[in-house]
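Peer 1: One structure is given below, represented as structure tokens, and several questions about it will come after.
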Amino acid sequence: MRQFYLLFRHFILLCLPLIIFSCNESTVDPELFGSISGTVKTSEEAGSLPMEGVTITTNPGTTSVTTNSDGSFSLSEVNVGDVTVNAKKEGYTAVSTPVKVQEGKELVMQVVMGIAPLDSTIPDDITYVSPLDIQKDATRLPNKVNLVWRNGETEKGDTLRFDVIIFEGASDENGTKVASNILDTTFTVQNLKFEQTYEWQIVARNKQLDEVEGKKWRFTTENFPKNGYLFVKDTLGSRDIYSWDLAENHLVRLTKDGGSEVSPRISPNEELIAYASNKSGEYHIYTMDTKGENVVKVTNDKSLVSYNNSGSGFVWSPEGDQILYGHYGDLYTINYNGTGETKIANAPVNRHFKSCDWSAHFNNVSQEKIAVLTQGEKPYDNEIYLMDPDGSNLFLLLGNLEGTISSPHFSPDGTKVIFSLDSLFQDDNGRQLNAKIYSVNIDGTNWTDLSGDDKPAGTNDLQARYTETGGKIIFMNVANDNEGKKNIWIMDTDGSNREKIISNGEMPDLYNP
């Protein structure tokens with residue numbers, strides 16, 4: 001045993017330097033930099049003139065720059081060592097110059113570029129780089145894909161231009177040209193459909209307009225995202241419904257009918273979205289699936305219309321089999337497939353039903369209850385009532401207060417109703433100056449100001465709704481001049497921890513897919 005110990009100790013002593021040497025070898029040297037500056041001019045035959053707009057790159061790569069009006073350029077933080085400086089401009093022979101960069105020193109150089117010959121030839125083929133030609137759908141790409149290719153074999157000095165064509169599946173014979181006559185050999189195609197197989201093709205041409213078509217490569221985009229945020233976005237005067245999970249590339253436009261599509265509401269089973277559209281001239285209720293497909297028109301001869309109503313004022317039943325909505329002074333239920341239209345209530349005289357909510361719980365028990373907001377001819381003439389699903393047991397929760405009341409919504413346990421109230425209404429045009437979110441018990445007691453002092457001055461808090469679990473309130477905040485952006489916020493149920501989550505959005509709904 002002692003002899004073994006001596007031999008083992010001798011072995012360790014012999015290996016120790018190797019261990020130390022190996023550790024030293026694994027250290028990483030810090031990056032060392034120099035810089036490159038210079039000028040680019042034409043050849044003597046072209047007058048030796050300064051060249052503006054020349055693209056300067058390096059290999060290994062650094063930041064790409066272009067020359068200014070006097071032909072000068074500057075590259076900072078270039079790694080030391082052997083570097084190739086590339087100069088390229090359409091119509092001129094590309095120049096590649098090898099240089100050696102030293103630490104902390106500036107290398108000054110001059111580049112001379114001649115006019116490219118006219119007898120350029122088209123490449124024999126175009127070499128694709130990425131994404132790979134994926135023949136199986138197991139590998140899925142985002143709906144924003146960077147396409148990269150190389151020129152192929154060309155004559156020296158040739159300047160090629162490229163078209164990028166995208167084919168939506170094998171049945172798309174003509175494809176869509178998403179880029180035309182570009183010089184770059186990379187192009188990012190965006191807003192692709194989810195769960196879609198695409199083919200892409202590059203067409204190259206020289207200055208003499210000789211063309212060659214590259215082969216087609218195939219890729220498939222990722223599965224449709226599970227987006228829990230629904231909202232309306234106004235782009236160039238067109239309001240459409242979007243879904244989002246607040247992640248990059250997962251913002252999805254669900255409606256594209258050209259009208260105004262508003263007020264998205266997820267069904268209780270989270271399979272359908274009800275919304276309002278005026279594409280027929282008046283606002284009607286439609287449903288679609290969460291991908292924006294399988295659109296069904298729900299309302300028929302009775303549109304979604306009342307005093308000062310622009311497509312709001314409907315809600316799913318707790319079971320998800322019906323939709324409740326107002327048509328002037330009448331309150332209707334209708335099956336989600338457009339059948340079984342039934343009138344359940346009349347509004348008080350000279351009033352219309354403007355908005356509503358339908359809860360599966362009331363005062364902490366399983367009992368369905370409806371909250372409705374009725375409005376007179378003036379936008380600030382409002383009352384909130386509670387009633388049973390058949391229109392009986394009418395109870396006035398909020399009388400006609402001074403100011404505009406809007407958007408009543410039950411808490412998930414049915415003990416409270418939240419709403420917006422503006423006590424500083426300006427005139428009969430309905431402009432609100434200081435709308436806040438309040439909660440009130442279902443018996444009309446215990447008013448609570450949830451917006452408090454955290455609401456920015458000169459803004460309105462509107463369209464408040466409890467989240468699915470009841471742990472948060474999501475709402476829209478907008479400047480009271482009606483000209484600023486509408487932004488979506490979220491806060492705790494006591495009004496604390498306000499946080500803006502979506503810019504340029506309104507009419508939010510939130511669920512947990």
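We label chains A, B, ... in the order they appear in the structure tokens, count residues from 1 in each chain, and number ligands from 1 in the order shown.
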Compile the contact shell of stretch 260-263 of chain A as a PyMOL selection string: residues with an atom at most 8 Å away, counting only C-alpha atoms, same-chain residues fewer than 4 positions apart removed.
Peer 2: chain A and resi 231-232+238-241+255+274-279+311-312+507-508
Peer 1: Can I get the selection written as an mmCIF file, in the first residue's frame, with N, CA and C atoms?
Peer 2:
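Saved as out.cif:
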```
data_model
loop_
_atom_site.group_PDB
_atom_site.id
_atom_site.type_symbol
_atom_site.label_atom_id
_atom_site.label_comp_id
_atom_site.auth_asym_id
_atom_site.auth_seq_id
_atom_site.Cartn_x
_atom_site.Cartn_y
_atom_site.Cartn_z
ATOM 1 N N PHE A 231 -57.212 43.579 -28.728
ATOM 2 C CA PHE A 231 -57.410 45.023 -28.690
ATOM 3 C C PHE A 231 -57.622 45.540 -30.103
ATOM 4 N N VAL A 232 -58.006 46.810 -30.175
ATOM 5 C CA VAL A 232 -58.235 47.480 -31.449
ATOM 6 C C VAL A 232 -57.099 48.459 -31.693
ATOM 7 N N SER A 238 -57.957 53.192 -40.307
ATOM 8 C CA SER A 238 -58.661 51.920 -40.333
ATOM 9 C C SER A 238 -58.491 51.229 -38.989
ATOM 10 N N ARG A 239 -59.620 50.913 -38.333
ATOM 11 C CA ARG A 239 -59.556 50.235 -37.045
ATOM 12 C C ARG A 239 -59.734 48.734 -37.251
ATOM 13 N N ASP A 240 -58.780 47.982 -36.721
ATOM 14 C CA ASP A 240 -58.809 46.524 -36.854
ATOM 15 C C ASP A 240 -58.488 45.882 -35.518
ATOM 16 N N ILE A 241 -58.837 44.607 -35.419
ATOM 17 C CA ILE A 241 -58.630 43.841 -34.188
ATOM 18 C C ILE A 241 -57.329 43.067 -34.297
ATOM 19 N N THR A 255 -58.411 41.053 -38.320
ATOM 20 C CA THR A 255 -59.448 41.504 -39.257
ATOM 21 C C THR A 255 -58.831 42.355 -40.353
ATOM 22 N N ALA A 274 -66.114 37.464 -30.410
ATOM 23 C CA ALA A 274 -67.204 38.282 -30.941
ATOM 24 C C ALA A 274 -66.680 39.704 -31.125
ATOM 25 N N TYR A 275 -67.138 40.363 -32.185
ATOM 26 C CA TYR A 275 -66.712 41.737 -32.446
ATOM 27 C C TYR A 275 -67.769 42.435 -33.281
ATOM 28 N N ALA A 276 -67.618 43.742 -33.426
ATOM 29 C CA ALA A 276 -68.559 44.532 -34.224
ATOM 30 C C ALA A 276 -67.847 45.061 -35.457
ATOM 31 N N SER A 277 -68.562 45.089 -36.587
ATOM 32 C CA SER A 277 -68.012 45.602 -37.834
ATOM 33 C C SER A 277 -69.081 46.403 -38.557
ATOM 34 N N ASN A 278 -68.664 47.515 -39.169
ATOM 35 C CA ASN A 278 -69.599 48.330 -39.957
ATOM 36 C C ASN A 278 -69.368 48.169 -41.450
ATOM 37 N N LYS A 279 -68.821 47.041 -41.861
ATOM 38 C CA LYS A 279 -68.525 46.854 -43.283
ATOM 39 C C LYS A 279 -69.785 46.819 -44.142
ATOM 40 N N GLY A 311 -70.271 50.755 -32.088
ATOM 41 C CA GLY A 311 -69.898 49.351 -32.151
ATOM 42 C C GLY A 311 -69.632 48.691 -30.824
ATOM 43 N N SER A 312 -69.973 49.340 -29.697
ATOM 44 C CA SER A 312 -69.789 48.703 -28.398
ATOM 45 C C SER A 312 -71.142 48.267 -27.862
ATOM 46 N N MET A 507 -60.044 49.365 -26.448
ATOM 47 C CA MET A 507 -61.047 48.312 -26.332
ATOM 48 C C MET A 507 -60.413 46.967 -25.983
ATOM 49 N N PRO A 508 -59.652 46.893 -24.882
ATOM 50 C CA PRO A 508 -58.904 45.666 -24.591
ATOM 51 C C PRO A 508 -59.763 44.552 -24.012
#
```
Peer 1: Taking 5 positions as the minimum chain separation for residues in the same chain, which residues sit within 10 Å of A:Asp390 when counting only C-alpha atoms? Answer as a tab-separated table (two decimals) with N, CA and C atoms, in the first residue's frame.
Peer 2:
```tsv
chain	number	residue	atom	x	y	z
A	332	TYR	N	-81.68	42.58	-26.51
A	332	TYR	CA	-81.88	41.28	-27.14
A	332	TYR	C	-80.81	40.27	-26.72
A	333	THR	N	-81.22	39.01	-26.72
A	333	THR	CA	-80.26	37.91	-26.74
A	333	THR	C	-80.39	37.22	-28.09
A	342	THR	N	-84.14	37.03	-29.32
A	342	THR	CA	-85.20	37.19	-28.32
A	342	THR	C	-85.07	38.53	-27.62
A	343	LYS	N	-86.13	39.28	-27.57
A	343	LYS	CA	-86.15	40.54	-26.83
A	343	LYS	C	-86.42	40.25	-25.36
A	344	ILE	N	-85.59	40.80	-24.47
A	344	ILE	CA	-85.77	40.51	-23.04
A	344	ILE	C	-86.13	41.75	-22.23
A	345	ALA	N	-85.90	42.96	-22.73
A	345	ALA	CA	-86.18	44.14	-21.91
A	345	ALA	C	-86.37	45.38	-22.78
A	369	LYS	N	-76.49	37.48	-13.59
A	369	LYS	CA	-77.01	38.84	-13.46
A	369	LYS	C	-76.47	39.68	-14.61
A	370	ILE	N	-77.29	40.61	-15.07
A	370	ILE	CA	-76.92	41.50	-16.17
A	370	ILE	C	-76.81	42.92	-15.65
```
Peer 1: With distances taken over only C-alpha atoms, which residue among A:Phe410, A:Tyr198, A:Trp489, A:Trp447 lies nearest A:Thr221?
Peer 2: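 Closest residue, counting only C-alpha atoms: A:Tyr198.
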Peer 1: Quote the spacing between atom CA of A:Asn68 and atom CA of A:Val112 in Å to one decimal place.
Peer 2: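 Rounded to one decimal, the two atoms are 15.3 Å apart.
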Peer 1: Mind checking DSSP for stretch 229-456 of chain A and telling me the strand (DSSP E or B) residues as a ChimeraX atom specification?
Peer 2: /A:229-235,238-244,252-253,261-266,272-277,284-289,296-297,305,314-316,322-327,330-335,342-346,352-359,362,365,369-375,382-387,395-398,404-410,416-422,436-441,448-449
Peer 1: Using atom CA of A:Thr66 and atom CA of A:Gly34 as the two end points, give the distance in Å to one decimal.
Peer 2: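 Answer for the atom CA of A:Thr66 to atom CA of A:Gly34 separation: 19.1 Å.
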Peer 1: Counting only C-alpha atoms, what are the residues of stretch 316-414 of chain A within 7 Å of stretch 290-303 of chain A, and for each of them which pair of atoms is the nearest and at what distance in Å, to one decimal? Sort the table by chain and rising number, as JSON lines.
Peer 2:
```
{"residue": "A:His327", "atom": "CA", "partner": "A:Ser303", "partner_atom": "CA", "distance": 6.4}
{"residue": "A:Tyr336", "atom": "CA", "partner": "A:Val298", "partner_atom": "CA", "distance": 6.2}
{"residue": "A:Asn337", "atom": "CA", "partner": "A:Val298", "partner_atom": "CA", "distance": 5.8}
{"residue": "A:Gly338", "atom": "CA", "partner": "A:Val298", "partner_atom": "CA", "distance": 4.1}
```
Peer 1: Output N, CA, C and O atoms for every residue in the selection just made, as a JSON list (two decimals), in the first residue's frame.
Peer 2:
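The resulting selection-v1.json:
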```json
[["chain", "number", "residue", "atom", "x", "y", "z"],
["A", 327, "HIS", "N", -80.40, 47.29, -29.15],
["A", 327, "HIS", "CA", -80.82, 47.85, -30.44],
["A", 327, "HIS", "C", -81.79, 48.97, -30.10],
["A", 327, "HIS", "O", -82.97, 48.73, -29.81],
["A", 336, "TYR", "N", -75.20, 32.43, -30.69],
["A", 336, "TYR", "CA", -73.94, 32.84, -31.31],
["A", 336, "TYR", "C", -73.88, 32.51, -32.80],
["A", 336, "TYR", "O", -73.06, 33.07, -33.53],
["A", 337, "ASN", "N", -74.77, 31.61, -33.26],
["A", 337, "ASN", "CA", -74.80, 31.29, -34.70],
["A", 337, "ASN", "C", -75.81, 32.12, -35.47],
["A", 337, "ASN", "O", -76.05, 31.89, -36.64],
["A", 338, "GLY", "N", -76.45, 33.12, -34.79],
["A", 338, "GLY", "CA", -77.37, 34.01, -35.47],
["A", 338, "GLY", "C", -78.83, 33.63, -35.39],
["A", 338, "GLY", "O", -79.68, 34.31, -35.96]]
```
Peer 1: Taking into account only C-alpha atoms, which residue in the set A:Lys472, A:Arg253, A:Lys144, A:Lys485 is nearest to A:Thr459?
Peer 2: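 The answer is A:Lys485, which sits nearest to A:Thr459.
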Peer 1: Leaving out A:Phe362 and any residue of its chain fewer than 6 positions from it, which residues lie within 9 Å of it when counting only C-alpha atoms, given as a count of residues only?
Peer 2: 9
Peer 1: What's the 10 Å shell around A:Gly61, counting only C-alpha atoms, without same-chain residues fewer than 2 positions away, as a ChimeraX atom specification?
Peer 2: /A:57-59,63-64,78-79,83-85
Peer 1: Take the residues that were just selected and, keeping C-alpha atoms, output them as a CSV table (one decimal), in the first residue's frame.
Peer 2:
```csv
chain,number,residue,atom,x,y,z
A,57,THR,CA,-17.2,46.9,-45.3
A,58,THR,CA,-14.5,44.7,-43.7
A,59,ASN,CA,-13.8,41.0,-43.4
A,63,THR,CA,-19.9,48.3,-39.0
A,64,SER,CA,-20.8,49.1,-42.6
A,78,VAL,CA,-11.6,47.2,-35.9
A,79,ASN,CA,-10.0,44.1,-34.5
A,83,VAL,CA,-8.4,42.6,-42.4
A,84,THR,CA,-9.8,43.0,-45.9
A,85,VAL,CA,-11.4,46.3,-46.7
```
Peer 1: Could you give me, as a list in words, the residues within 6 Å of A:Tyr380, counting only C-alpha atoms and dropping anything in the same chain fewer than 2 positions from it?
Peer 2: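 The neighbour list is Lys378, Asn382, Gly403 and Thr404 of chain A.
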Peer 1: Generate a file of the selected residues that holds all heavy atoms, formatted as a tab-separated table (two decimals), in the first residue's frame.
Peer 2:
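Everything below was put into part.tsv:
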```tsv
chain	number	residue	atom	x	y	z
A	378	LYS	N	-78.38	62.98	-24.70
A	378	LYS	CA	-77.10	63.61	-24.38
A	378	LYS	C	-76.11	62.55	-23.90
A	378	LYS	O	-76.48	61.62	-23.18
A	378	LYS	CB	-77.27	64.68	-23.31
A	378	LYS	CG	-78.30	65.76	-23.66
A	378	LYS	CD	-77.92	66.50	-24.94
A	378	LYS	CE	-78.92	67.61	-25.24
A	378	LYS	NZ	-78.63	68.29	-26.53
A	382	ASN	N	-76.81	59.27	-18.28
A	382	ASN	CA	-76.57	57.83	-18.14
A	382	ASN	C	-77.13	57.27	-16.83
A	382	ASN	O	-77.17	57.96	-15.81
A	382	ASN	CB	-75.06	57.52	-18.16
A	382	ASN	CG	-74.31	58.28	-19.23
A	382	ASN	OD1	-73.45	59.09	-18.90
A	382	ASN	ND2	-74.63	58.02	-20.49
A	403	GLY	N	-72.13	64.11	-15.27
A	403	GLY	CA	-70.96	63.58	-15.96
A	403	GLY	C	-71.32	62.35	-16.75
A	403	GLY	O	-72.45	61.85	-16.71
A	404	THR	N	-70.38	61.84	-17.50
A	404	THR	CA	-70.60	60.70	-18.39
A	404	THR	C	-70.18	59.40	-17.71
A	404	THR	O	-69.04	59.27	-17.25
A	404	THR	CB	-69.80	60.87	-19.70
A	404	THR	OG1	-70.24	62.06	-20.35
A	404	THR	CG2	-70.02	59.68	-20.62
```
Peer 1: Give me the residues within 9 Å of A:Glu103 as a list in words, counting only C-alpha atoms and dropping any in the same chain fewer than 6 places off.
Peer 2: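 Here the qualifying residues turn out to be Leu32, Phe33, Gly34, Ser35, Asn79, Val80 and Gly81 of chain A.
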Peer 1: Please produce a file of the residues just selected, as a tab-separated table (two decimals), in the first residue's frame, where the atoms kept are N, CA, C and O atoms.
Peer 2:
```tsv
chain	number	residue	atom	x	y	z
A	32	LEU	N	-8.53	43.43	-28.96
A	32	LEU	CA	-7.68	44.58	-29.21
A	32	LEU	C	-8.15	45.25	-30.50
A	32	LEU	O	-8.48	44.58	-31.47
A	33	PHE	N	-8.15	46.59	-30.50
A	33	PHE	CA	-8.73	47.31	-31.63
A	33	PHE	C	-7.76	48.37	-32.16
A	33	PHE	O	-6.94	48.92	-31.42
A	34	GLY	N	-7.89	48.61	-33.45
A	34	GLY	CA	-7.32	49.78	-34.10
A	34	GLY	C	-8.42	50.44	-34.89
A	34	GLY	O	-9.62	50.17	-34.67
A	35	SER	N	-8.08	51.32	-35.81
A	35	SER	CA	-9.10	51.97	-36.62
A	35	SER	C	-8.59	52.13	-38.06
A	35	SER	O	-7.38	52.07	-38.31
A	79	ASN	N	-10.93	45.02	-35.20
A	79	ASN	CA	-10.04	44.07	-34.54
A	79	ASN	C	-8.66	44.07	-35.19
A	79	ASN	O	-8.53	44.15	-36.42
A	80	VAL	N	-7.61	43.98	-34.36
A	80	VAL	CA	-6.25	43.98	-34.87
A	80	VAL	C	-6.01	42.71	-35.68
A	80	VAL	O	-6.66	41.69	-35.50
A	81	GLY	N	-5.02	42.79	-36.57
A	81	GLY	CA	-4.67	41.65	-37.40
A	81	GLY	C	-4.96	41.90	-38.86
A	81	GLY	O	-5.18	43.03	-39.31
```
Peer 1: Atom CA of A:Arg161 to atom CA of A:Tyr92: how many Å, to one decimal?
Peer 2: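 About the pair atom CA of A:Arg161 and atom CA of A:Tyr92: they are 13.7 Å apart.
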Peer 1: Skipping near chain neighbours, those fewer than 3 positions away, what residues fall within 8 Å of stretch 417-424 of chain A using only C-alpha atoms, listed as JSON, numbers by chain?
Peer 2: {"A": [402, 403, 404, 405, 406, 407, 408, 409, 410, 411, 414, 432, 433, 434, 435, 436, 437, 438, 439, 440, 441, 442, 461, 462, 463, 464, 465]}
Peer 1: Taking into account only C-alpha atoms, which residue in the set A:Thr339, A:Ser317, A:Thr220, A:Asn446 is nearest to A:Ile266?
Peer 2: A:Ser317
